[in-house]
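Undergrad: Have a look at the structure that comes next, please.
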Amino acid sequence: MKPRLEMKNRERQTKRTMWFRGQNVPILYSTRRKDIFGSEDWIARGTLQRIGTIIFATVFFCGSAALFVASPLLRDEISEMIGGVLGRIVGTGLAAFAILVACIGMFLTFRLVRGVVRACSKMNQ
């Protein structure tokens, strides 16, 4: 949505400006949800944002997959180091925490990719 234009002192000014130190300056931020990176309604706007988001999401996805694979190994390693029942409890707790972090990473990855797909589908309309 393009901002409305107003005529003020015979100069065209965008509506999204504010007075600062004797001149009108554009407001470069927004509080709308679709402008917040990674929010549910976020859309990748330019080509650079799409490419950067795909790279970021790929790294995030690989890191989350690595945490899924490493969590049982972490549990076994901690169980051996500490030993006994306490080692099993601590190892299982840390493995569960690693799986939780991996699930959150996967969720964020799919949310970012959905923003890129949404932007591509709007381009094709």
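Residues are referred to by chain and number: the chain letter is A, B, ... according to the order shown in the structure tokens, the number counts from 1 in that chain, and ligands are numbered separately from 1 in the order shown.
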Within 9 Å of Ile78 in chain A, counting only C-alpha atoms, which residues qualify if same-chain residues fewer than 2 places away don't, as a CSV table (one decimal) with C-alpha atoms, in the first residue's frame?

TA:
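Output saved as part.csv:
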```csv
chain,number,residue,atom,x,y,z
A,73,LEU,CA,24.7,-39.2,21.9
A,74,LEU,CA,24.7,-36.4,24.4
A,75,ARG,CA,22.6,-38.4,26.8
A,76,ASP,CA,24.9,-41.4,26.5
A,80,GLU,CA,29.0,-42.2,31.2
A,81,MET,CA,30.7,-39.2,32.6
A,82,ILE,CA,28.5,-38.8,35.7
A,83,GLY,CA,27.5,-42.4,36.2
A,87,GLY,CA,24.0,-39.5,35.3
A,88,ARG,CA,21.0,-41.0,33.6
A,90,VAL,CA,20.9,-35.4,33.9
A,91,GLY,CA,21.7,-37.0,30.6
A,92,THR,CA,18.0,-37.5,29.8
A,94,LEU,CA,19.8,-32.4,28.7
```

Undergrad: Report as a list in words all protein, DNA and RNA residues lying within 12 Å of Thr53 in chain A, evaluated on only C-alpha atoms, omitting residues in the same chain fewer than 6 positions from it.

TA: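 Residues meeting the cut-off are Phe37, Gly38, Trp42, Ile43, Ala44, Arg45, Gly46, Thr47, Val59, Phe60, Phe61, Leu108, Thr109, Phe110, Arg111, Leu112, Val113, Arg114, Gly115, Val116, Val117 and Ala119 of chain A.
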
Undergrad: Suppose we keep C-alpha atoms; can you now write the selection as an mmCIF file, in the first residue's frame?

TA:
```cif
data_model
loop_
_atom_site.group_PDB
_atom_site.id
_atom_site.type_symbol
_atom_site.label_atom_id
_atom_site.label_comp_id
_atom_site.auth_asym_id
_atom_site.auth_seq_id
_atom_site.Cartn_x
_atom_site.Cartn_y
_atom_site.Cartn_z
ATOM 1 C CA PHE A 37 11.063 -10.376 10.749
ATOM 2 C CA GLY A 38 9.907 -13.915 11.498
ATOM 3 C CA TRP A 42 5.912 -11.549 7.742
ATOM 4 C CA ILE A 43 6.525 -11.466 3.975
ATOM 5 C CA ALA A 44 9.963 -11.289 2.343
ATOM 6 C CA ARG A 45 9.797 -8.128 0.247
ATOM 7 C CA GLY A 46 12.803 -8.036 -2.077
ATOM 8 C CA THR A 47 15.030 -10.530 -3.845
ATOM 9 C CA VAL A 59 21.392 -23.120 8.274
ATOM 10 C CA PHE A 60 18.719 -23.139 10.989
ATOM 11 C CA PHE A 61 17.214 -26.361 9.608
ATOM 12 C CA LEU A 108 11.108 -21.000 13.141
ATOM 13 C CA THR A 109 12.605 -22.451 9.961
ATOM 14 C CA PHE A 110 9.206 -23.348 8.533
ATOM 15 C CA ARG A 111 7.808 -19.959 9.545
ATOM 16 C CA LEU A 112 10.608 -18.189 7.621
ATOM 17 C CA VAL A 113 10.161 -20.389 4.560
ATOM 18 C CA ARG A 114 6.413 -19.743 4.648
ATOM 19 C CA GLY A 115 7.137 -15.987 4.486
ATOM 20 C CA VAL A 116 9.252 -16.523 1.362
ATOM 21 C CA VAL A 117 6.612 -18.739 -0.272
ATOM 22 C CA ALA A 119 6.015 -13.457 -1.107
#
```

Undergrad: One decimal, Å: what's the distance from CA of Leu48 in chain A over to CA of Ser121 in chain A, could you say?

TA: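 CA of Ser121 in chain A lies 16.6 Å from CA of Leu48 in chain A.
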
Undergrad: Record the distance separating CA of Ala57 in chain A and CA of Gly105 in chain A, expressed in Å with one decimal.

TA: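 Pair CA of Ala57 in chain A / CA of Gly105 in chain A returns 9.2 Å.
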
Undergrad: What does the distance between CA of Val85 in chain A and CA of Ala98 in chain A come to in Å, to one decimal place?

TA: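 Answer for the CA of Val85 in chain A to CA of Ala98 in chain A separation: 20.0 Å.
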
Undergrad: With only C-alpha atoms as the atoms that count, which of A:Ser79, A:Ser64, A:Asn24, A:Ser71 lies nearest to Ile104 in chain A?

TA: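 Smallest separation from Ile104 in chain A among the options: A:Ser64.
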
Undergrad: Mind the document's chain letters and residue numbers, and return as a PyMOL selection string the residues of range 23-121 of chain A that DSSP labels alpha helix (DSSP H).

TA: chain A and resi 47-82+84-121

Undergrad: Can I get the selection written as a PDB file, in the first residue's frame, with C-alpha atoms?

TA:
```pdb
ATOM      1  CA  THR A  47      15.030 -10.530  -3.845  1.00  0.00           C
ATOM      2  CA  LEU A  48      17.815  -9.980  -1.338  1.00  0.00           C
ATOM      3  CA  GLN A  49      15.483 -10.687   1.580  1.00  0.00           C
ATOM      4  CA  ARG A  50      14.267 -13.877  -0.079  1.00  0.00           C
ATOM      5  CA  ILE A  51      17.773 -15.171  -0.758  1.00  0.00           C
ATOM      6  CA  GLY A  52      19.008 -14.225   2.717  1.00  0.00           C
ATOM      7  CA  THR A  53      16.010 -15.834   4.377  1.00  0.00           C
ATOM      8  CA  ILE A  54      16.462 -19.057   2.421  1.00  0.00           C
ATOM      9  CA  ILE A  55      20.135 -19.236   3.452  1.00  0.00           C
ATOM     10  CA  PHE A  56      19.281 -18.409   7.094  1.00  0.00           C
ATOM     11  CA  ALA A  57      16.469 -20.997   7.156  1.00  0.00           C
ATOM     12  CA  THR A  58      18.737 -23.662   5.619  1.00  0.00           C
ATOM     13  CA  VAL A  59      21.392 -23.120   8.274  1.00  0.00           C
ATOM     14  CA  PHE A  60      18.719 -23.139  10.989  1.00  0.00           C
ATOM     15  CA  PHE A  61      17.214 -26.361   9.608  1.00  0.00           C
ATOM     16  CA  CYS A  62      20.598 -28.124   9.453  1.00  0.00           C
ATOM     17  CA  GLY A  63      21.409 -27.018  13.004  1.00  0.00           C
ATOM     18  CA  SER A  64      18.077 -28.303  14.272  1.00  0.00           C
ATOM     19  CA  ALA A  65      18.545 -31.632  12.487  1.00  0.00           C
ATOM     20  CA  ALA A  66      22.020 -31.926  14.005  1.00  0.00           C
ATOM     21  CA  LEU A  67      20.553 -31.358  17.468  1.00  0.00           C
ATOM     22  CA  PHE A  68      18.012 -34.132  16.873  1.00  0.00           C
ATOM     23  CA  VAL A  69      20.818 -36.521  15.910  1.00  0.00           C
ATOM     24  CA  ALA A  70      23.168 -35.411  18.694  1.00  0.00           C
ATOM     25  CA  SER A  71      20.704 -35.564  21.592  1.00  0.00           C
ATOM     26  CA  PRO A  72      20.884 -39.367  22.150  1.00  0.00           C
ATOM     27  CA  LEU A  73      24.665 -39.188  21.864  1.00  0.00           C
ATOM     28  CA  LEU A  74      24.687 -36.371  24.425  1.00  0.00           C
ATOM     29  CA  ARG A  75      22.555 -38.444  26.789  1.00  0.00           C
ATOM     30  CA  ASP A  76      24.908 -41.434  26.542  1.00  0.00           C
ATOM     31  CA  GLU A  77      28.009 -39.270  27.020  1.00  0.00           C
ATOM     32  CA  ILE A  78      26.622 -37.506  30.108  1.00  0.00           C
ATOM     33  CA  SER A  79      25.439 -40.829  31.578  1.00  0.00           C
ATOM     34  CA  GLU A  80      28.958 -42.249  31.230  1.00  0.00           C
ATOM     35  CA  MET A  81      30.684 -39.166  32.640  1.00  0.00           C
ATOM     36  CA  ILE A  82      28.542 -38.769  35.750  1.00  0.00           C
ATOM     37  CA  GLY A  84      24.760 -43.929  38.229  1.00  0.00           C
ATOM     38  CA  VAL A  85      21.169 -42.829  38.444  1.00  0.00           C
ATOM     39  CA  LEU A  86      22.087 -39.137  38.596  1.00  0.00           C
ATOM     40  CA  GLY A  87      23.965 -39.455  35.304  1.00  0.00           C
ATOM     41  CA  ARG A  88      20.952 -40.999  33.607  1.00  0.00           C
ATOM     42  CA  ILE A  89      18.625 -38.299  34.934  1.00  0.00           C
ATOM     43  CA  VAL A  90      20.925 -35.419  33.944  1.00  0.00           C
ATOM     44  CA  GLY A  91      21.664 -37.003  30.555  1.00  0.00           C
ATOM     45  CA  THR A  92      17.985 -37.532  29.798  1.00  0.00           C
ATOM     46  CA  GLY A  93      17.152 -33.969  30.918  1.00  0.00           C
ATOM     47  CA  LEU A  94      19.834 -32.438  28.697  1.00  0.00           C
ATOM     48  CA  ALA A  95      18.769 -34.604  25.757  1.00  0.00           C
ATOM     49  CA  ALA A  96      15.145 -33.517  26.243  1.00  0.00           C
ATOM     50  CA  PHE A  97      16.278 -29.879  26.331  1.00  0.00           C
ATOM     51  CA  ALA A  98      18.269 -30.371  23.103  1.00  0.00           C
ATOM     52  CA  ILE A  99      15.221 -31.903  21.414  1.00  0.00           C
ATOM     53  CA  LEU A 100      13.071 -28.980  22.611  1.00  0.00           C
ATOM     54  CA  VAL A 101      15.547 -26.453  21.149  1.00  0.00           C
ATOM     55  CA  ALA A 102      15.609 -28.445  17.888  1.00  0.00           C
ATOM     56  CA  CYS A 103      11.798 -28.394  17.682  1.00  0.00           C
ATOM     57  CA  ILE A 104      11.732 -24.626  18.212  1.00  0.00           C
ATOM     58  CA  GLY A 105      14.400 -24.239  15.512  1.00  0.00           C
ATOM     59  CA  MET A 106      12.352 -26.314  13.065  1.00  0.00           C
ATOM     60  CA  PHE A 107       9.246 -24.265  13.829  1.00  0.00           C
ATOM     61  CA  LEU A 108      11.108 -21.000  13.141  1.00  0.00           C
ATOM     62  CA  THR A 109      12.605 -22.451   9.961  1.00  0.00           C
ATOM     63  CA  PHE A 110       9.206 -23.348   8.533  1.00  0.00           C
ATOM     64  CA  ARG A 111       7.808 -19.959   9.545  1.00  0.00           C
ATOM     65  CA  LEU A 112      10.608 -18.189   7.621  1.00  0.00           C
ATOM     66  CA  VAL A 113      10.161 -20.389   4.560  1.00  0.00           C
ATOM     67  CA  ARG A 114       6.413 -19.743   4.648  1.00  0.00           C
ATOM     68  CA  GLY A 115       7.137 -15.987   4.486  1.00  0.00           C
ATOM     69  CA  VAL A 116       9.252 -16.523   1.362  1.00  0.00           C
ATOM     70  CA  VAL A 117       6.612 -18.739  -0.272  1.00  0.00           C
ATOM     71  CA  ARG A 118       3.923 -16.182   0.564  1.00  0.00           C
ATOM     72  CA  ALA A 119       6.015 -13.457  -1.107  1.00  0.00           C
ATOM     73  CA  CYS A 120       6.499 -15.570  -4.251  1.00  0.00           C
ATOM     74  CA  SER A 121       2.805 -16.370  -4.480  1.00  0.00           C
TER      75      SER A 121
END
```
